[in-house]
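Here's the structure, in structure tokens; my notes come after.
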Amino acid sequence: MNARSLVIFSSLPEVGGHTTTTLKLCELLQPMFGSVHVLVKDIPGHGFSPDAFDVLRRQGIHVVRCPGRDPVQWWKIVSEYRGADVFLAIGMRHLSPILSALISARKSIYYHITHELTPAVIRQMKTYRLFFSQLAFISPATAKLFPAHTPSAWALQPTELPIQPGAEPRRPGRPRVGFLGRLNEAKGLAVLMDLVGRSTIPCELHVAGSGPMEDIVLERQRRNPETFFFHGSFSAAGRAEFLRQFFSEIDFLCVPSMDDREGMPNVILEALQFGVPVLATCTGGMRSFAMPALGPASPDVVQIVEPTNFPAAFRSLLSTPPPTESVRERCRAYFEKFFSDSVLAVDWGKILGSHPR
């Protein structure tokens with residue numbers, strides 16, 4: 001291993017925060033270390049992104065796809081990376097402590113990538129202090145939940161968009177709202193589709209992503225092609241170009257998640273980067289947008305409401321004029337202040353105990 005080496009343990013699903021976080025962290029942290037290595041373990045049911053795998057390799061990142069249960073292969077991996085300067089586990093709760101103990105890096109960080117901090121998970125996190133030098137949480141709202149004698153570290157989840165693009169000029173038409181991400185009940189997609197379908201104000205719903213509700217979305221589009229638009233799924237590696245087109249189609253992004261384990265959704269950060277305001281439920285790490293640590297965000301940039309109040313807030317949103325260039329600029333400025341590469345690089349550098357070379 002080279003001096004100042006970083007080993008990241010994560011997964012690379014087809015769609016999800018593990019992939020977007022891993023890609024961007026590698027980009028941000030590579031200038032801080034002599035070498036960056038990524039150990040990839042598949043998560044059953046989430047697929048694997050070969051595109052993201054190839055992107056990392058083209059960046060000069062040494063990527064190893066970890067074996068299943070073959071102890072010989074695991075021991076080879078441990079032997080190769082033992083004694084690294086920094087070991088960073090992005091989630092992967094059940095394997096990370098074991099790997100951290102075996103690799104015995106000079107500094108080790110466990111990054112809790114979701115907002116899930118049930119009593120059982122809190123007990124688990126307390127045990128992880130025996131295996132890791134430090135715990136880091138995905139948002140200030142999540143860190144606040146963890147009972148500790150000293151303030152818990154938090155580091156915002158980065159997007160992997162390579163640039164900060166502007167929004168395309170708005171085409172005339174009805175209010176257009178968007179939903180982006182995993183297509184399932186927990187994300188509140190069914191609620192959003194019903195609100196759009198029953199709306200007395202003609203509007204459009206643009207949906208992108210993949211998941212078990214894809215057939216339902218396609219059926220809605222077939223029955224009402226002037227209201228429902230399905231843009232399909234996207235690969236992690238091709239996300240930037242896909243999102244540039246998707247966000248040019250909408251006025252507002254809706255994140256009606258009913259899952260309190262939600263972290264800091266990448267889709268919100270990406271919408272802001274494109275100058276698109278957000279309406280989201282006050283669940284999980286999204287509570288952070290109302291906290292002093294992140295502003296709090298102005299309601300015309302990120303409006304968060306309790307899940308029970310989401311229908312009323314959505315109806316009000318449809319009565320709101322399309323965002324002006326001034327509003328879009330405030331979205332981009334808010335992103336730049338709290339989520340830009342330069343800000344995140346400094347924050348992550350502090351947590352990892354490293355500085356740009």
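To be explicit about the labels: the chains of the structure tokens are called A, B, and onward in the order shown, and within each one the residues are counted from 1, while ligands get numbers from 1 in the order they are shown.
Around Leu317 of chain A, within 10 Å and counting only C-alpha atoms, the residues found are A:Pro175, A:Val177, A:Phe252, A:Leu279, A:Pro311, A:Ala312, A:Pro322, once anything fewer than 5 positions away on its own chain is removed.
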Selected residues, N, CA and C atoms, written as a compact mmCIF listing (two decimals), in the first residue's frame, please.
```
# COMPACT_ATOMS: atom_id res chain seq x y z
N PRO A 175 -48.69 23.48 -14.90
CA PRO A 175 -47.68 23.21 -13.87
C PRO A 175 -47.13 21.80 -14.03
N VAL A 177 -44.71 18.89 -12.25
CA VAL A 177 -44.00 18.41 -11.07
C VAL A 177 -43.27 17.12 -11.42
N PHE A 252 -41.17 21.89 -10.38
CA PHE A 252 -40.93 21.56 -8.98
C PHE A 252 -40.63 20.07 -8.86
N LEU A 279 -40.54 20.34 -2.91
CA LEU A 279 -41.53 20.12 -1.86
C LEU A 279 -41.31 18.71 -1.34
N PRO A 311 -50.75 16.64 1.05
CA PRO A 311 -51.79 16.92 0.03
C PRO A 311 -52.14 18.41 -0.07
N ALA A 312 -52.32 19.06 1.08
CA ALA A 312 -52.66 20.48 1.05
C ALA A 312 -51.52 21.31 0.48
N PRO A 322 -44.93 29.48 -11.85
CA PRO A 322 -43.67 28.77 -12.09
C PRO A 322 -42.50 29.54 -11.50
```
### Residues within 10 Å of segment 301-310 of chain A, only C-alpha atoms, excluding chain neighbours under 6 positions, as JSON, numbers by chain
{"A": [188, 191, 192, 195, 252, 253, 254, 255, 256, 257, 258, 259, 268, 271, 272, 275, 276, 277, 278, 279, 280, 281, 282, 283, 286, 287, 288, 289, 290, 316, 323, 327, 328, 329, 330, 331, 332, 333, 334, 335]}
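Listed by chain and then by rising number, the residues of segment 37-164 of chain A that DSSP assigns to strand (DSSP E or B) from the backbone are His37, Val38, Leu39, Val40, His62, Val63, Val64, Arg65, Val86, Phe87, Leu88, Ala89, Ile90, Lys107, Ser108, Ile109, Tyr110, Tyr111, His112, Gln134, Leu135, Ala136, Phe137, Ala153 and Trp154 of chain A.
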What does the file look like for those residues with C-alpha atoms, as a compact mmCIF listing (two decimals), in the first residue's frame?
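Okay, out37.txt is ready:
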```txt
# COMPACT_ATOMS: atom_id res chain seq x y z
CA HIS A 37 -9.18 1.64 -3.36
CA VAL A 38 -12.85 0.64 -3.41
CA LEU A 39 -14.05 -2.71 -2.12
CA VAL A 40 -17.47 -3.45 -3.57
CA HIS A 62 -8.47 0.29 -7.87
CA VAL A 63 -11.85 -1.50 -7.59
CA VAL A 64 -12.26 -4.97 -6.14
CA ARG A 65 -15.60 -6.76 -6.25
CA VAL A 86 -7.92 5.37 6.38
CA PHE A 87 -10.77 2.87 6.09
CA LEU A 88 -14.18 4.39 5.20
CA ALA A 89 -17.27 2.17 5.30
CA ILE A 90 -20.29 3.62 3.50
CA LYS A 107 -8.12 5.64 11.19
CA SER A 108 -11.51 4.12 10.42
CA ILE A 109 -14.85 5.84 9.84
CA TYR A 110 -18.31 4.33 9.63
CA TYR A 111 -20.65 6.48 7.52
CA HIS A 112 -24.29 5.81 8.47
CA GLN A 134 -15.31 7.65 14.40
CA LEU A 135 -18.97 7.49 13.42
CA ALA A 136 -20.30 9.93 10.83
CA PHE A 137 -23.97 10.51 10.07
CA ALA A 153 -19.95 14.14 13.34
CA TRP A 154 -22.10 14.52 10.28
```
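Our summary of the geometry notes that atom CA of Thr20 of chain A is positioned 8.7 Å from atom CA of Gln157 of chain A.
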#### Entry: Distance query Ile61 of chain A at most 10 Å, only C-alpha atoms, self and fewer than 4 positions along chain excluded, as a PyMOL selection string
chain A and resi 26-27+30+35-38+53-57
Write the residues you've just listed into a file as an mmCIF file, in the first residue's frame, and include C-alpha atoms for each of them.
```cif
data_model
loop_
_atom_site.group_PDB
_atom_site.id
_atom_site.type_symbol
_atom_site.label_atom_id
_atom_site.label_comp_id
_atom_site.auth_asym_id
_atom_site.auth_seq_id
_atom_site.Cartn_x
_atom_site.Cartn_y
_atom_site.Cartn_z
ATOM 1 C CA CYS A 26 -13.796 9.055 -4.856
ATOM 2 C CA GLU A 27 -13.649 12.169 -7.022
ATOM 3 C CA GLN A 30 -8.591 11.212 -4.623
ATOM 4 C CA SER A 35 -4.071 5.887 -3.507
ATOM 5 C CA VAL A 36 -7.806 5.185 -3.299
ATOM 6 C CA HIS A 37 -9.177 1.642 -3.360
ATOM 7 C CA VAL A 38 -12.846 0.636 -3.413
ATOM 8 C CA PHE A 53 -17.602 0.170 -11.781
ATOM 9 C CA ASP A 54 -16.038 1.232 -15.103
ATOM 10 C CA VAL A 55 -16.169 4.945 -14.172
ATOM 11 C CA LEU A 56 -14.160 4.306 -11.020
ATOM 12 C CA ARG A 57 -11.562 2.286 -12.892
#
```
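With only C-alpha atoms as the atoms that count, the residue of A:Gly47, A:Gly83, A:Pro158, A:Gly91 with the shortest distance to Leu344 of chain A is A:Pro158.
Using only C-alpha atoms for every distance, the candidate list A:Phe274, A:Phe33, A:Tyr128, A:Phe9 yields A:Phe33 as the residue closest to Gly353 of chain A.
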### Query
Of the candidates A:Ser248, A:Thr324, A:Thr227, A:Thr19, which shows the shortest atom-to-atom distance to Asp194 of chain A, using only C-alpha atoms?
A:Thr227
